[in-house]
Structure formats: C-alpha cells, structure tokens
$ cat entry-v2.json   # JSON, C-alpha atoms (C1' of nucleotides)
[["chain", "number", "residue", "atom", "x", "y", "z"],
["Y", 1, "MET", "CA", -8.22, -19.12, 4.41],
["Y", 2, "ASP", "CA", -5.58, -18.55, 7.02],
["Y", 3, "GLN", "CA", -5.59, -15.92, 9.71],
["Y", 4, "LEU", "CA", -2.92, -13.86, 8.02],
["Y", 5, "SER", "CA", -5.07, -13.12, 4.99],
["Y", 6, "ALA", "CA", -8.02, -12.67, 7.29],
["Y", 7, "GLU", "CA", -6.17, -9.91, 9.08],
["Y", 8, "ALA", "CA", -5.15, -8.37, 5.78],
["Y", 9, "ARG", "CA", -8.76, -8.32, 4.63],
["Y", 10, "ILE", "CA", -9.92, -6.78, 7.87],
["Y", 11, "LEU", "CA", -7.33, -4.05, 7.62],
["Y", 12, "ALA", "CA", -8.33, -3.43, 4.02],
["Y", 13, "ALA", "CA", -11.98, -3.17, 5.03],
["Y", 14, "ILE", "CA", -11.11, -0.62, 7.67],
["Y", 15, "ARG", "CA", -8.99, 1.39, 5.26],
["Y", 16, "ALA", "CA", -11.95, 1.39, 2.90],
["Y", 17, "ILE", "CA", -14.14, 3.33, 5.31],
["Y", 18, "PRO", "CA", -14.50, 6.82, 3.80],
["Y", 19, "ARG", "CA", -13.41, 9.85, 5.74],
["Y", 20, "GLY", "CA", -16.22, 11.26, 7.83],
["Y", 21, "ARG", "CA", -18.06, 7.92, 7.95],
["Y", 22, "VAL", "CA", -18.03, 5.09, 10.48],
["Y", 23, "ALA", "CA", -18.63, 1.34, 10.60],
["Y", 24, "GLY", "CA", -19.24, -1.23, 13.31],
["Y", 25, "TYR", "CA", -16.82, -4.03, 14.20],
["Y", 26, "GLY", "CA", -19.31, -6.54, 12.92],
["Y", 27, "GLU", "CA", -19.75, -4.64, 9.68],
["Y", 28, "VAL", "CA", -16.04, -4.58, 9.10],
["Y", 29, "ALA", "CA", -15.79, -8.30, 9.77],
["Y", 30, "ARG", "CA", -18.67, -9.06, 7.43],
["Y", 31, "ARG", "CA", -17.19, -6.84, 4.76],
["Y", 32, "ALA", "CA", -13.91, -8.70, 5.13],
["Y", 33, "GLY", "CA", -15.72, -11.96, 4.49],
["Y", 34, "LEU", "CA", -15.55, -13.00, 8.14],
["Y", 35, "PRO", "CA", -19.09, -12.82, 9.51],
["Y", 36, "GLY", "CA", -19.29, -13.15, 13.27],
["Y", 37, "ARG", "CA", -15.67, -12.19, 13.83],
["Y", 38, "ALA", "CA", -16.29, -8.77, 15.34],
["Y", 39, "ARG", "CA", -14.06, -9.66, 18.27],
["Y", 40, "LEU", "CA", -11.29, -10.58, 15.88],
["Y", 41, "VAL", "CA", -11.53, -7.11, 14.37],
["Y", 42, "ALA", "CA", -11.23, -5.64, 17.84],
["Y", 43, "ARG", "CA", -8.24, -7.82, 18.60],
["Y", 44, "ILE", "CA", -6.51, -6.79, 15.39],
["Y", 45, "LEU", "CA", -7.08, -3.14, 16.17],
["Y", 46, "ALA", "CA", -5.82, -3.58, 19.71],
["Y", 47, "GLY", "CA", -2.53, -4.82, 18.35],
["Y", 48, "ASN", "CA", -2.34, -2.47, 15.40],
["Y", 49, "GLY", "CA", 0.42, 0.11, 15.38],
["Y", 50, "ASP", "CA", -0.22, 1.74, 12.03],
["Y", 51, "ASP", "CA", -1.29, 5.30, 12.68],
["Y", 52, "ALA", "CA", -2.38, 5.69, 9.08],
["Y", 53, "LEU", "CA", -5.13, 3.16, 9.71],
["Y", 54, "PRO", "CA", -8.49, 4.91, 10.27],
["Y", 55, "TRP", "CA", -9.19, 2.81, 13.38],
["Y", 56, "HIS", "CA", -11.21, 5.67, 14.88],
["Y", 57, "ARG", "CA", -13.96, 5.05, 12.31],
["Y", 58, "VAL", "CA", -14.73, 1.67, 13.85],
["Y", 59, "LEU", "CA", -17.39, 1.68, 16.55],
["Y", 60, "ARG", "CA", -19.64, -0.77, 18.35],
["Y", 61, "SER", "CA", -22.83, -1.88, 16.66],
["Y", 62, "ASP", "CA", -24.82, 0.65, 18.66],
["Y", 63, "GLY", "CA", -22.60, 3.52, 17.62],
["Y", 64, "ARG", "CA", -20.78, 3.81, 20.92],
["Y", 65, "ILE", "CA", -17.03, 4.11, 21.14],
["Y", 66, "ALA", "CA", -15.68, 0.77, 22.31],
["Y", 67, "PHE", "CA", -13.21, 2.16, 24.82],
["Y", 68, "ALA", "CA", -14.15, 2.84, 28.42],
["Y", 69, "GLU", "CA", -15.71, 6.27, 28.76],
["Y", 70, "ASN", "CA", -13.24, 9.05, 29.40],
["Y", 71, "SER", "CA", -10.31, 6.69, 28.91],
["Y", 72, "ARG", "CA", -7.39, 7.89, 26.83],
["Y", 73, "GLY", "CA", -8.42, 5.95, 23.71],
["Y", 74, "TRP", "CA", -12.00, 7.04, 24.15],
["Y", 75, "ARG", "CA", -11.08, 10.71, 24.09],
["Y", 76, "GLU", "CA", -8.64, 10.28, 21.23],
["Y", 77, "GLN", "CA", -11.21, 8.48, 19.09],
["Y", 78, "ALA", "CA", -13.87, 11.09, 19.76],
["Y", 79, "ARG", "CA", -11.38, 13.81, 18.92],
["Y", 80, "ARG", "CA", -10.37, 12.22, 15.64],
["Y", 81, "LEU", "CA", -13.99, 11.66, 14.63],
["Y", 82, "ARG", "CA", -14.99, 15.24, 15.31],
["Y", 83, "ALA", "CA", -11.90, 16.34, 13.44],
["Y", 84, "GLU", "CA", -13.39, 14.87, 10.30],
["Y", 85, "GLY", "CA", -16.87, 16.15, 10.85],
["Y", 86, "VAL", "CA", -18.51, 13.24, 12.63],
["Y", 87, "GLU", "CA", -20.92, 14.29, 15.34],
["Y", 88, "VAL", "CA", -20.01, 12.58, 18.60],
["Y", 89, "VAL", "CA", -22.42, 12.98, 21.47],
["Y", 90, "ARG", "CA", -21.60, 11.45, 24.82],
["Y", 91, "GLY", "CA", -19.17, 9.07, 23.17],
["Y", 92, "ARG", "CA", -21.55, 7.86, 20.58],
["Y", 93, "VAL", "CA", -22.34, 8.43, 16.93],
["Y", 94, "ARG", "CA", -25.72, 8.30, 15.24],
["Y", 95, "MET", "CA", -25.63, 4.82, 13.69],
["Y", 96, "VAL", "CA", -28.14, 3.19, 11.39],
["Y", 97, "ARG", "CA", -29.37, -0.13, 12.83],
["Y", 98, "PRO", "CA", -31.83, -1.31, 10.14],
["Y", 99, "ASP", "CA", -31.09, -4.05, 7.62],
["Y", 100, "ALA", "CA", -27.55, -3.42, 6.55],
["Y", 101, "ASP", "CA", -28.16, -4.32, 2.95],
["Y", 102, "LEU", "CA", -27.87, -1.03, 1.18],
["Y", 103, "ASP", "CA", -24.55, 0.69, 0.86],
["Y", 104, "ALA", "CA", -26.02, 3.76, 2.49],
["Y", 105, "ALA", "CA", -26.99, 1.82, 5.57],
["Y", 106, "LEU", "CA", -23.65, 0.04, 5.58],
["Y", 107, "TRP", "CA", -21.46, 3.08, 5.33],
["Y", 108, "GLY", "CA", -23.12, 6.06, 6.86],
["Y", 109, "PRO", "CA", -23.86, 7.19, 10.40],
["Y", 110, "SER", "CA", -26.89, 9.09, 9.20],
["Y", 111, "ALA", "CA", -28.18, 7.77, 5.90],
["L", 1, "DC", "C1'", -8.09, -29.20, 28.41],
["L", 2, "DC", "C1'", -10.37, -25.89, 31.49],
["L", 3, "DC", "C1'", -10.64, -21.00, 32.65],
["L", 4, "DG", "C1'", -10.40, -16.00, 32.46],
["L", 5, "DT", "C1'", -10.33, -11.83, 29.49],
["L", 6, "DG", "C1'", -11.63, -8.56, 25.92],
["L", 7, "DA", "C1'", -11.56, -1.93, 21.22],
["L", 8, "DC", "C1'", -18.05, -7.54, 20.42],
["L", 9, "DT", "C1'", -23.35, -8.58, 19.49],
["L", 10, "DC", "C1'", -28.04, -9.89, 20.01],
["L", 11, "DT", "C1'", -32.26, -10.73, 22.52],
["L", 12, "DA", "C1'", -35.31, -9.77, 26.55],
["L", 13, "DC", "C1'", -37.28, -7.05, 29.78],
["R", 1, "DC", "C1'", -33.46, 4.49, 25.65],
["R", 2, "DG", "C1'", -31.06, 1.58, 29.40],
["R", 3, "DT", "C1'", -29.46, -2.69, 31.81],
["R", 4, "DA", "C1'", -28.63, -7.89, 32.20],
["R", 5, "DG", "C1'", -27.53, -12.21, 30.44],
["R", 6, "DA", "C1'", -25.90, -15.52, 27.17],
["R", 7, "DG", "C1'", -23.34, -16.41, 22.99],
["R", 8, "DC", "C1'", -19.07, -16.01, 20.40],
["R", 9, "DC", "C1'", -14.13, -15.97, 18.91],
["R", 10, "DA", "C1'", -9.14, -15.96, 19.61],
["R", 11, "DC", "C1'", -5.50, -16.05, 23.05],
["R", 12, "DG", "C1'", -2.70, -16.94, 27.01],
["R", 13, "DG", "C1'", -2.02, -19.07, 31.73]]
$ encode --input "entry-v2.json" --output "structure tokens"
Amino acid sequence: MDQLSAEARILAAIRAIPRGRVAGYGEVARRAGLPGRARLVARILAGNGDDALPWHRVLRSDGRIAFAENSRGWREQARRLRAEGVEVVRGRVRMVRPDADLDAALWGPSA
DNA sequence: CCCGTGACTCTAC
DNA sequence: CGTAGAGCCACGG
C-alpha cells in the first residue's frame, strides 16, 4: 500500500466516527489498517484543511485532547465536542481503556 | 546519514 | 490518578 491510500483510509476512519462519540489516534490508525501509526494520523490531521472532517472526535489514548491546554485548538476541540453532547472535563473525555475488541469499547467514551 | 520535532503510546514507579 | 522515560513513525534541515 502507498501512503496516499493510507491517508485516504485514515480520513475514512475518522469520518466514520459517529456524532457524539470519540476515538483515539491509535484506534483510528488500527481501524484504517495501519496499526502503530498513531503519529501518522496526527500528522494527517495537522495538515488537514477539510472542515467537514470530524477531527475533534479524535483524542489521545487516555482521552485527553492532544493540543496544549488552553491553546486555540484545545478550546475549539472542547467546544465542538460539547456541542455534540460529549462531556469534556478539564480537557479530557471519559475514555474506555480495556481491551478494544468490542465495538462498544472501540467507539464509545462511556460504554 | 544523523538529528530534532511532533494533534502519539505504553510501561514503570 | 500523575509524572518520567523510552519507543515509534514520518518529515525536514
């Protein structure tokens, strides 16, 4: 596979995250068939310009917003998440850590 | 080719 | 639950 299709798959994986739900960079990468490429996902997002892309639903593995606290992106992401009903406390969302095998664990912040 | 940087992650303590 | 360190991947100087 080349990087172009890899990017396309990553973007598709992000677009597939339901409204009101979140996913980690690593999850997105894995779902795109690129395990271990969490940083690639971050890089793609950093260069993305598509506003229609639900980039705000992508968080770190621990549920924290990846941007520096109180930075512009940080605030914007928190705002967008709350706008769709996601509870954001101190820049972080309740994420499920356990074995990401079940769809529920893979897609939801709280079951 | 080595080195620094980053919207990352995992393991220890 | 929080910090510290090492590992990782892609990129640009």
$ atom_distance --input "entry-v2.json" --atom1 "CA of Arg94 in chain Y" --atom2 "CA of Ser61 in chain Y"
10.7 Å
$ atom_distance --input "entry-v2.json" --atom1 "CA of Phe67 in chain Y" --atom2 "CA of Ser5 in chain Y"
26.3 Å
$ residues_around --input "entry-v2.json" --residues "DA4 in chain R" --least-positions-apart "6" --cutoff "12 Å" --atoms "all atoms listed in the file" --output "MDAnalysis selection string"
chainID L and resid 11:13
$ write_last_selection --input "entry-v2.json" --atoms "C-alpha atoms (C1' of nucleotides)" --output "short mmCIF file (atom, residue, chain, number, x, y, z; two decimals), in the frame of the given file"
data_model
loop_
_atom_site.label_atom_id
_atom_site.label_comp_id
_atom_site.auth_asym_id
_atom_site.auth_seq_id
_atom_site.Cartn_x
_atom_site.Cartn_y
_atom_site.Cartn_z
"C1'" DT L 11 -32.26 -10.73 22.52
"C1'" DA L 12 -35.31 -9.77 26.55
"C1'" DC L 13 -37.28 -7.05 29.78
#
$ closest_atom_pairs --input "entry-v2.json" --of "chain R" --to "chain Y" --cutoff "8 Å" --atoms "only C-alpha atoms (C1' of nucleotides)" --output "JSON lines"
{"residue": "R:DC8", "atom": "C1'", "partner": "Y:Gly36", "partner_atom": "CA", "distance": 7.7}
{"residue": "R:DC9", "atom": "C1'", "partner": "Y:Arg39", "partner_atom": "CA", "distance": 6.3}
{"residue": "R:DA10", "atom": "C1'", "partner": "Y:Leu40", "partner_atom": "CA", "distance": 6.9}
$ atom_distance --input "entry-v2.json" --atom1 "C1' of DG5 in chain R" --atom2 "CA of Gly26 in chain Y"
20.2 Å
$ interface_residues --input "entry-v2.json" --of "chain L" --to "chain Y" --cutoff "8 Å" --atoms "only C-alpha atoms (C1' of nucleotides)" --output "ChimeraX atom specification"
/L:7-9
$ residues_near_point --input "entry-v2.json" --point "(-2.6, -15.5, 31.8)" --cutoff "12 Å" --atoms "only C-alpha atoms (C1' of nucleotides)" --output "list in words"
DC3, DG4 and DT5 of chain L; DC11, DG12 and DG13 of chain R
$ write_last_selection --input "entry-v2.json" --atoms "C-alpha atoms (C1' of nucleotides)" --output "PDB file, keeping the file's coordinate frame"
ATOM      1  C1'  DC L   3     -10.640 -21.000  32.650  1.00  0.00           C
ATOM      2  C1'  DG L   4     -10.400 -16.000  32.460  1.00  0.00           C
ATOM      3  C1'  DT L   5     -10.330 -11.830  29.490  1.00  0.00           C
TER       4       DT L   5
ATOM      5  C1'  DC R  11      -5.500 -16.050  23.050  1.00  0.00           C
ATOM      6  C1'  DG R  12      -2.700 -16.940  27.010  1.00  0.00           C
ATOM      7  C1'  DG R  13      -2.020 -19.070  31.730  1.00  0.00           C
TER       8       DG R  13
END
$ residues_around --input "entry-v2.json" --residues "Arg79 in chain Y" --least-positions-apart "2" --cutoff "12 Å" --atoms "all atoms listed in the file" --output "list in words"
His56, Arg57, Ile65, Asn70, Arg72, Gly73, Trp74, Arg75, Glu76, Gln77, Leu81, Arg82, Ala83, Glu84, Gly85, Val86, Glu87, Val88, Val89, Gly91 and Arg92 of chain Y
$ write_last_selection --input "entry-v2.json" --atoms "C-alpha atoms" --output "PDB file, in the coordinates of the input"
ATOM      1  CA  HIS Y  56     -11.210   5.670  14.880  1.00  0.00           C
ATOM      2  CA  ARG Y  57     -13.960   5.050  12.310  1.00  0.00           C
ATOM      3  CA  ILE Y  65     -17.030   4.110  21.140  1.00  0.00           C
ATOM      4  CA  ASN Y  70     -13.240   9.050  29.400  1.00  0.00           C
ATOM      5  CA  ARG Y  72      -7.390   7.890  26.830  1.00  0.00           C
ATOM      6  CA  GLY Y  73      -8.420   5.950  23.710  1.00  0.00           C
ATOM      7  CA  TRP Y  74     -12.000   7.040  24.150  1.00  0.00           C
ATOM      8  CA  ARG Y  75     -11.080  10.710  24.090  1.00  0.00           C
ATOM      9  CA  GLU Y  76      -8.640  10.280  21.230  1.00  0.00           C
ATOM     10  CA  GLN Y  77     -11.210   8.480  19.090  1.00  0.00           C
ATOM     11  CA  LEU Y  81     -13.990  11.660  14.630  1.00  0.00           C
ATOM     12  CA  ARG Y  82     -14.990  15.240  15.310  1.00  0.00           C
ATOM     13  CA  ALA Y  83     -11.900  16.340  13.440  1.00  0.00           C
ATOM     14  CA  GLU Y  84     -13.390  14.870  10.300  1.00  0.00           C
ATOM     15  CA  GLY Y  85     -16.870  16.150  10.850  1.00  0.00           C
ATOM     16  CA  VAL Y  86     -18.510  13.240  12.630  1.00  0.00           C
ATOM     17  CA  GLU Y  87     -20.920  14.290  15.340  1.00  0.00           C
ATOM     18  CA  VAL Y  88     -20.010  12.580  18.600  1.00  0.00           C
ATOM     19  CA  VAL Y  89     -22.420  12.980  21.470  1.00  0.00           C
ATOM     20  CA  GLY Y  91     -19.170   9.070  23.170  1.00  0.00           C
ATOM     21  CA  ARG Y  92     -21.550   7.860  20.580  1.00  0.00           C
TER      22      ARG Y  92
END
$ axis_aligned_box --input "entry-v2.json" --around "chain L" --padding-each-side "4 Å" --output "lines of an AutoDock Vina configuration file"
center_x = -22.7
center_y = -15.6
center_z = 26.1
size_x = 37.2
size_y = 35.3
size_z = 21.2
$ residues_around --input "entry-v2.json" --residues "Arg9 in chain Y" --least-positions-apart "5" --cutoff "9 Å" --atoms "only C-alpha atoms (C1' of nucleotides)" --output "ChimeraX atom specification"
/Y:4,14,29,31-34
